[in-house]
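Student: What follows is input_29.pdb; its format and atoms are PDB, C-alpha atoms.
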ATOM      1  CA  MET A   1     228.019 213.077 198.852
ATOM      2  CA  VAL A   2     225.966 212.485 201.985
ATOM      3  CA  PRO A   3     222.507 214.119 201.878
ATOM      4  CA  SER A   4     221.738 216.460 204.748
ATOM      5  CA  LYS A   5     218.578 216.394 206.833
ATOM      6  CA  LYS A   6     217.238 219.289 204.719
ATOM      7  CA  ALA A   7     217.922 217.385 201.491
ATOM      8  CA  LEU A   8     216.064 214.353 202.814
ATOM      9  CA  GLU A   9     213.136 216.565 203.824
ATOM     10  CA  ILE A  10     212.934 217.959 200.290
ATOM     11  CA  PHE A  11     213.282 214.418 198.892
ATOM     12  CA  SER A  12     210.005 213.529 200.616
ATOM     13  CA  ILE A  13     208.369 216.063 198.238
ATOM     14  CA  HIS A  14     210.729 216.367 195.278
ATOM     15  CA  LYS A  15     211.609 212.960 193.851
ATOM     16  CA  LYS A  16     215.172 213.559 192.732
ATOM     17  CA  ASP A  17     218.270 211.743 193.971
ATOM     18  CA  PRO A  18     218.878 213.088 197.519
ATOM     19  CA  ARG A  19     222.566 213.517 196.629
ATOM     20  CA  LEU A  20     221.592 215.842 193.793
ATOM     21  CA  ILE A  21     219.236 217.738 196.078
ATOM     22  CA  GLU A  22     222.104 218.183 198.532
ATOM     23  CA  LEU A  23     224.314 219.566 195.764
ATOM     24  CA  ILE A  24     221.546 221.944 194.703
ATOM     25  CA  LEU A  25     221.273 223.196 198.288
ATOM     26  CA  ARG A  26     225.019 223.766 198.472
ATOM     27  CA  GLU A  27     224.856 225.866 195.300
ATOM     28  CA  SER A  28     221.877 227.911 196.533
ATOM     29  CA  LEU A  29     221.156 230.909 198.712
ATOM     30  CA  ASN A  30     217.401 230.385 198.993
ATOM     31  CA  ILE A  31     214.740 227.875 198.054
ATOM     32  CA  ILE A  32     212.002 229.602 196.060
ATOM     33  CA  LYS A  33     209.592 226.763 195.232
ATOM     34  CA  VAL A  34     209.464 223.000 195.740
ATOM     35  CA  SER A  35     207.060 220.566 194.106
ATOM     36  CA  GLU A  36     207.232 216.933 193.057
ATOM     37  CA  LYS A  37     208.759 217.824 189.695
ATOM     38  CA  THR A  38     210.303 221.244 190.274
ATOM     39  CA  LEU A  39     212.910 222.715 192.593
ATOM     40  CA  ILE A  40     213.380 226.451 191.997
ATOM     41  CA  VAL A  41     216.157 228.189 193.908
ATOM     42  CA  GLU A  42     218.181 231.375 194.039
ATOM     43  CA  THR A  43     221.771 230.403 193.297
ATOM     44  CA  LYS A  44     224.835 231.863 194.958
ATOM     45  CA  HIS A  45     225.235 233.962 191.816
ATOM     46  CA  GLY A  46     221.732 235.433 192.224
ATOM     47  CA  PHE A  47     220.059 233.509 189.382
ATOM     48  CA  ILE A  48     216.502 232.240 189.920
ATOM     49  CA  CYS A  49     216.350 228.865 188.188
ATOM     50  CA  ALA A  50     215.606 225.175 188.451
ATOM     51  CA  ASN A  51     218.103 222.914 190.233
ATOM     52  CA  ALA A  52     220.614 225.745 190.778
ATOM     53  CA  GLY A  53     221.483 225.441 187.090
ATOM     54  CA  ILE A  54     223.042 222.007 187.668
ATOM     55  CA  ASP A  55     223.011 220.005 184.439
ATOM     56  CA  GLN A  56     222.763 216.258 183.927
ATOM     57  CA  SER A  57     222.277 216.366 180.155
ATOM     58  CA  ASN A  58     225.197 216.678 177.731
ATOM     59  CA  VAL A  59     227.636 215.928 180.552
ATOM     60  CA  SER A  60     228.554 212.248 180.607
ATOM     61  CA  GLN A  61     227.240 208.755 180.078
ATOM     62  CA  ASP A  62     227.728 208.293 183.813
ATOM     63  CA  SER A  63     224.414 209.207 185.434
ATOM     64  CA  ASP A  64     226.256 210.154 188.634
ATOM     65  CA  GLU A  65     228.151 212.997 186.939
ATOM     66  CA  VAL A  66     226.694 216.496 186.787
ATOM     67  CA  LEU A  67     227.874 219.915 185.668
ATOM     68  CA  LEU A  68     227.709 223.018 187.859
ATOM     69  CA  LEU A  69     227.438 226.601 186.716
ATOM     70  CA  PRO A  70     230.748 228.483 186.619
ATOM     71  CA  GLU A  71     231.789 229.706 190.048
ATOM     72  CA  ASN A  72     231.963 233.259 188.694
ATOM     73  CA  PRO A  73     230.531 233.496 185.151
ATOM     74  CA  ASP A  74     231.611 237.134 184.679
ATOM     75  CA  ARG A  75     235.178 236.252 185.597
ATOM     76  CA  SER A  76     235.095 233.264 183.235
ATOM     77  CA  ALA A  77     233.843 235.526 180.427
ATOM     78  CA  LYS A  78     236.664 237.982 181.112
ATOM     79  CA  LYS A  79     239.274 235.226 180.997
ATOM     80  CA  ILE A  80     237.915 234.000 177.652
ATOM     81  CA  ARG A  81     237.894 237.551 176.283
ATOM     82  CA  LYS A  82     241.481 238.170 177.359
ATOM     83  CA  SER A  83     242.634 234.824 175.966
ATOM     84  CA  ILE A  84     241.068 235.555 172.582
ATOM     85  CA  TYR A  85     242.732 238.977 172.500
ATOM     86  CA  GLU A  86     246.132 237.506 173.359
ATOM     87  CA  LYS A  87     245.801 234.935 170.560
ATOM     88  CA  THR A  88     244.187 237.085 167.847
ATOM     89  CA  LYS A  89     244.480 240.756 168.929
ATOM     90  CA  LYS A  90     240.706 240.940 168.395
ATOM     91  CA  ASN A  91     238.854 242.921 171.063
ATOM     92  CA  VAL A  92     235.634 240.920 171.167
ATOM     93  CA  SER A  93     232.889 240.785 173.780
ATOM     94  CA  ILE A  94     231.851 237.548 175.457
ATOM     95  CA  ILE A  95     228.454 236.277 176.602
ATOM     96  CA  ILE A  96     228.259 233.026 178.546
ATOM     97  CA  SER A  97     224.771 231.557 178.336
ATOM     98  CA  ASP A  98     222.691 228.755 179.769
ATOM     99  CA  THR A  99     219.230 227.357 179.167
ATOM    100  CA  PHE A 100     216.573 228.565 181.621
ATOM    101  CA  GLY A 101     212.837 228.061 181.898
ATOM    102  CA  ARG A 102     210.503 231.043 182.228
ATOM    103  CA  PRO A 103     207.467 231.748 184.390
ATOM    104  CA  PHE A 104     204.160 231.646 182.538
ATOM    105  CA  ARG A 105     205.629 230.139 179.357
ATOM    106  CA  LYS A 106     206.432 226.635 178.221
ATOM    107  CA  GLY A 107     209.803 225.834 176.754
ATOM    108  CA  GLN A 108     213.258 227.080 177.612
ATOM    109  CA  THR A 109     215.445 229.779 176.172
ATOM    110  CA  ASN A 110     219.093 230.664 176.508
ATOM    111  CA  ILE A 111     219.902 233.629 178.715
ATOM    112  CA  ALA A 112     223.157 235.332 179.611
ATOM    113  CA  ILE A 113     224.785 234.242 182.863
ATOM    114  CA  GLY A 114     228.124 236.002 182.408
ATOM    115  CA  VAL A 115     229.403 238.910 180.302
ATOM    116  CA  ALA A 116     232.611 240.710 179.408
ATOM    117  CA  GLY A 117     233.043 243.780 177.249
ATOM    118  CA  ILE A 118     229.341 244.368 176.632
ATOM    119  CA  TYR A 119     226.842 246.219 178.783
ATOM    120  CA  PRO A 120     223.905 243.885 179.531
ATOM    121  CA  LEU A 121     221.166 246.497 179.134
ATOM    122  CA  LYS A 122     220.343 249.009 176.427
ATOM    123  CA  SER A 123     218.361 251.834 177.956
ATOM    124  CA  TYR A 124     215.775 253.844 176.054
ATOM    125  CA  ILE A 125     214.775 255.865 179.103
ATOM    126  CA  GLY A 126     214.432 259.528 178.152
ATOM    127  CA  ASN A 127     214.110 258.780 174.437
ATOM    128  CA  ARG A 128     210.878 259.373 172.580
ATOM    129  CA  ASP A 129     208.820 256.666 170.928
ATOM    130  CA  THR A 130     207.360 256.784 167.421
ATOM    131  CA  PHE A 131     204.572 259.073 168.616
ATOM    132  CA  GLY A 132     206.742 261.416 170.651
ATOM    133  CA  LYS A 133     206.001 260.013 174.093
ATOM    134  CA  VAL A 134     208.942 259.949 176.495
ATOM    135  CA  LEU A 135     209.997 256.403 177.415
ATOM    136  CA  LYS A 136     210.262 256.009 181.175
ATOM    137  CA  VAL A 137     211.074 252.365 181.911
ATOM    138  CA  THR A 138     212.185 250.633 178.701
ATOM    139  CA  GLU A 139     215.514 248.844 179.025
ATOM    140  CA  ILE A 140     216.247 245.976 176.650
ATOM    141  CA  ALA A 141     218.182 242.983 177.983
ATOM    142  CA  ILE A 142     220.345 242.767 174.878
ATOM    143  CA  VAL A 143     222.659 240.085 176.262
ATOM    144  CA  ASP A 144     219.683 237.768 176.794
ATOM    145  CA  GLU A 145     218.418 238.450 173.282
ATOM    146  CA  LEU A 146     221.848 237.750 171.801
ATOM    147  CA  ALA A 147     222.208 234.597 173.902
ATOM    148  CA  SER A 148     218.870 233.250 172.743
ATOM    149  CA  SER A 149     219.635 233.987 169.096
ATOM    150  CA  ALA A 150     222.995 232.215 169.394
ATOM    151  CA  GLU A 151     221.251 229.064 170.640
ATOM    152  CA  LEU A 152     219.479 228.779 167.278
ATOM    153  CA  VAL A 153     222.906 228.162 165.754
ATOM    154  CA  MET A 154     224.468 226.161 168.579
ATOM    155  CA  GLY A 155     221.513 223.892 169.269
ATOM    156  CA  LYS A 156     221.122 221.701 172.332
ATOM    157  CA  THR A 157     222.431 218.440 170.879
ATOM    158  CA  LEU A 158     224.769 219.553 168.084
ATOM    159  CA  GLY A 159     227.912 219.773 170.203
ATOM    160  CA  ILE A 160     228.619 223.355 169.115
ATOM    161  CA  PRO A 161     230.147 225.179 172.111
ATOM    162  CA  ALA A 162     230.118 228.751 170.789
ATOM    163  CA  ALA A 163     228.602 231.056 168.203
ATOM    164  CA  ILE A 164     230.043 234.217 166.666
ATOM    165  CA  ILE A 165     227.636 237.131 166.382
ATOM    166  CA  ARG A 166     228.535 239.719 163.754
ATOM    167  CA  GLY A 167     226.988 242.995 162.713
ATOM    168  CA  TYR A 168     225.253 243.971 165.958
ATOM    169  CA  GLU A 169     226.140 247.493 167.087
ATOM    170  CA  TYR A 170     226.310 247.912 170.849
ATOM    171  CA  GLU A 171     227.973 249.921 173.576
ATOM    172  CA  HIS A 172     231.141 248.071 174.452
ATOM    173  CA  GLN A 173     234.194 248.359 176.635
ATOM    174  CA  THR A 174     237.271 249.555 174.750
ATOM    175  CA  SER A 175     239.655 250.041 177.670
ATOM    176  CA  SER A 176     242.425 247.745 178.863
ATOM    177  CA  LEU A 177     241.293 244.154 179.071
ATOM    178  CA  ASP A 178     242.690 244.029 182.601
ATOM    179  CA  ASP A 179     240.682 247.001 183.827
ATOM    180  CA  TYR A 180     237.262 245.397 184.244
ATOM    181  CA  ASN A 181     236.139 246.268 187.727
ATOM    182  CA  SER A 182     236.312 250.034 187.257
ATOM    183  CA  PHE A 183     233.662 249.736 184.559
ATOM    184  CA  GLY A 184     231.339 247.594 186.686
ATOM    185  CA  ILE A 185     230.318 245.411 183.756
ATOM    186  CA  SER A 186     228.540 242.451 185.304
ATOM    187  CA  ILE A 187     225.549 240.247 184.643
ATOM    188  CA  LYS A 188     224.328 241.320 188.088
ATOM    189  CA  SER A 189     223.310 244.675 186.638
ATOM    190  CA  ILE A 190     220.446 242.838 184.943
ATOM    191  CA  PHE A 191     219.076 241.344 188.190
ATOM    192  CA  ARG A 192     215.850 242.776 189.571
ATOM    193  CA  ASP A 193     216.135 243.816 193.212
ATOM    194  CA  LYS A 194     214.177 241.517 195.479
ATOM    195  CA  ASP A 195     212.129 244.394 196.932
ATOM    196  CA  GLN A 196     210.991 245.198 193.381
ATOM    197  CA  ASP A 197     210.200 241.596 192.495
ATOM    198  CA  LEU A 198     206.416 241.255 192.773
ATOM    199  CA  PHE A 199     206.547 237.500 192.184
ATOM    200  CA  ARG A 200     209.019 236.577 194.910
ATOM    201  CA  ASN A 201     207.388 239.009 197.320
ATOM    202  CA  SER A 202     204.082 237.188 196.832
ATOM    203  CA  LEU A 203     205.541 233.789 197.812
TER
END
Just give me the structure as structure tokens.
Tutor:
Amino acid sequence: MVPSKKALEIFSIHKKDPRLIELILRESLNIIKVSEKTLIVETKHGFICANAGIDQSNVSQDSDEVLLLPENPDRSAKKIRKSIYEKTKKNVSIIISDTFGRPFRKGQTNIAIGVAGIYPLKSYIGNRDTFGKVLKVTEIAIVDELASSAELVMGKTLGIPAAIIRGYEYEHQTSSLDDYNSFGISIKSIFRDKDQDLFRNSL
């Protein structure tokens, strides 16, 4: 891969392999922040993350090989869900996760990047809290919480590709496994609109 002029410009600040920088640019819609150690972008999927989610760890002994995020994580989740149903007749839900950093906190946590059969948010809007006050904004990102809990089992270096979560009650899709789009189940429903994002608007 031949680095572009833009990749070489970023290389003068961000000391990664210019070929990797070029790949990050090709997987990105926008550059959010560049420093010597950090390159934060908005991916083509709409994720805000380091290096467009491109992984060099747990990929290969060859340092020139990297792993990209799925082209369409929701579609990948749907294919996995359908395949499991065809093999087992079990109507399960699927969460595809990846490890992301977080603003204002050290450490990483797994978050959902693709879903099938499960609504990403659980809304409490309109319900009353313990003291009778009406909740106006509370929506819990349940797919992120489930993804992070699954990582405790899967680990980063254990070579465990999947975890089964049992016993959690959630609103799920029970229709035909082929009829996804009419339900609009997508990880994108969890994205904050840019005009409501105080952090990006301040950049």
Student: From the list A:Lys5, A:Arg81, A:Lys188, A:Arg200, which residue is nearest A:Gly46 when using all atoms listed in the file?
Tutor: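 The shortest atom-to-atom distance to A:Gly46 comes from A:Lys188.
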Student: I need the residue set behind the PyMOL selection byres ((chain A and resi 130-142) around 10) for this file; please write it as a VMD selection string.
Tutor: chain A and resid 111 to 112 118 to 129 143 to 148 170 190
Student: So which residues touch stretch 31-42 of chain A within 9 Å, counting only C-alpha atoms, skipping near sequence neighbours fewer than 2 positions away, as JSON, numbers by chain?
Tutor: {"A": [10, 11, 12, 13, 14, 15, 16, 21, 24, 25, 27, 28, 29, 44, 45, 46, 47, 48, 49, 50, 51, 52, 200, 203]}
Student: Take atom CA of A:Asp17 and atom CA of A:Asp98 and report the distance between them in Å, one decimal.
Tutor: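 Atom-to-atom, atom CA of A:Asp17 and atom CA of A:Asp98 are spaced 22.6 Å apart.
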Student: In Å, how far is it from atom CA of A:Val92 to atom CA of A:Glu169?
Tutor: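 That distance, rounded to one decimal, is 12.2 Å.
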Student: Compile the contact shell of A:Asn72 as a PDB file with C-alpha atoms, in the frame of the given file: residues with an atom at most 9 Å away, counting all atoms listed in the file, same-chain residues fewer than 3 positions apart removed.
Tutor:
ATOM      1  CA  HIS A  45     225.235 233.962 191.816  1.00  0.00           C
ATOM      2  CA  LEU A  69     227.438 226.601 186.716  1.00  0.00           C
ATOM      3  CA  ARG A  75     235.178 236.252 185.597  1.00  0.00           C
ATOM      4  CA  SER A  76     235.095 233.264 183.235  1.00  0.00           C
ATOM      5  CA  ALA A  77     233.843 235.526 180.427  1.00  0.00           C
ATOM      6  CA  GLY A 114     228.124 236.002 182.408  1.00  0.00           C
TER       7      GLY A 114
END
Student: Of the residues A:Asp195, A:Glu86, A:Glu151, A:Asp64, which is the one nearest to A:Asn110, using all atoms listed in the file?
Tutor: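 Under the stated criterion, the closest residue is A:Glu151.
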Student: Using all atoms listed in the file, can you list as a ChimeraX atom specification the residues within 12 Å of (238.4, 237.5, 171.5)?
Tutor: /A:77-95,116-117,164-165,177
Student: Please evaluate the PyMOL selection byres ((chain A and resi 55) around 8) against the structure above and give the resulting residues as an NGL selection string.
Tutor: :A and (53-54 or 56-59 or 66-68)
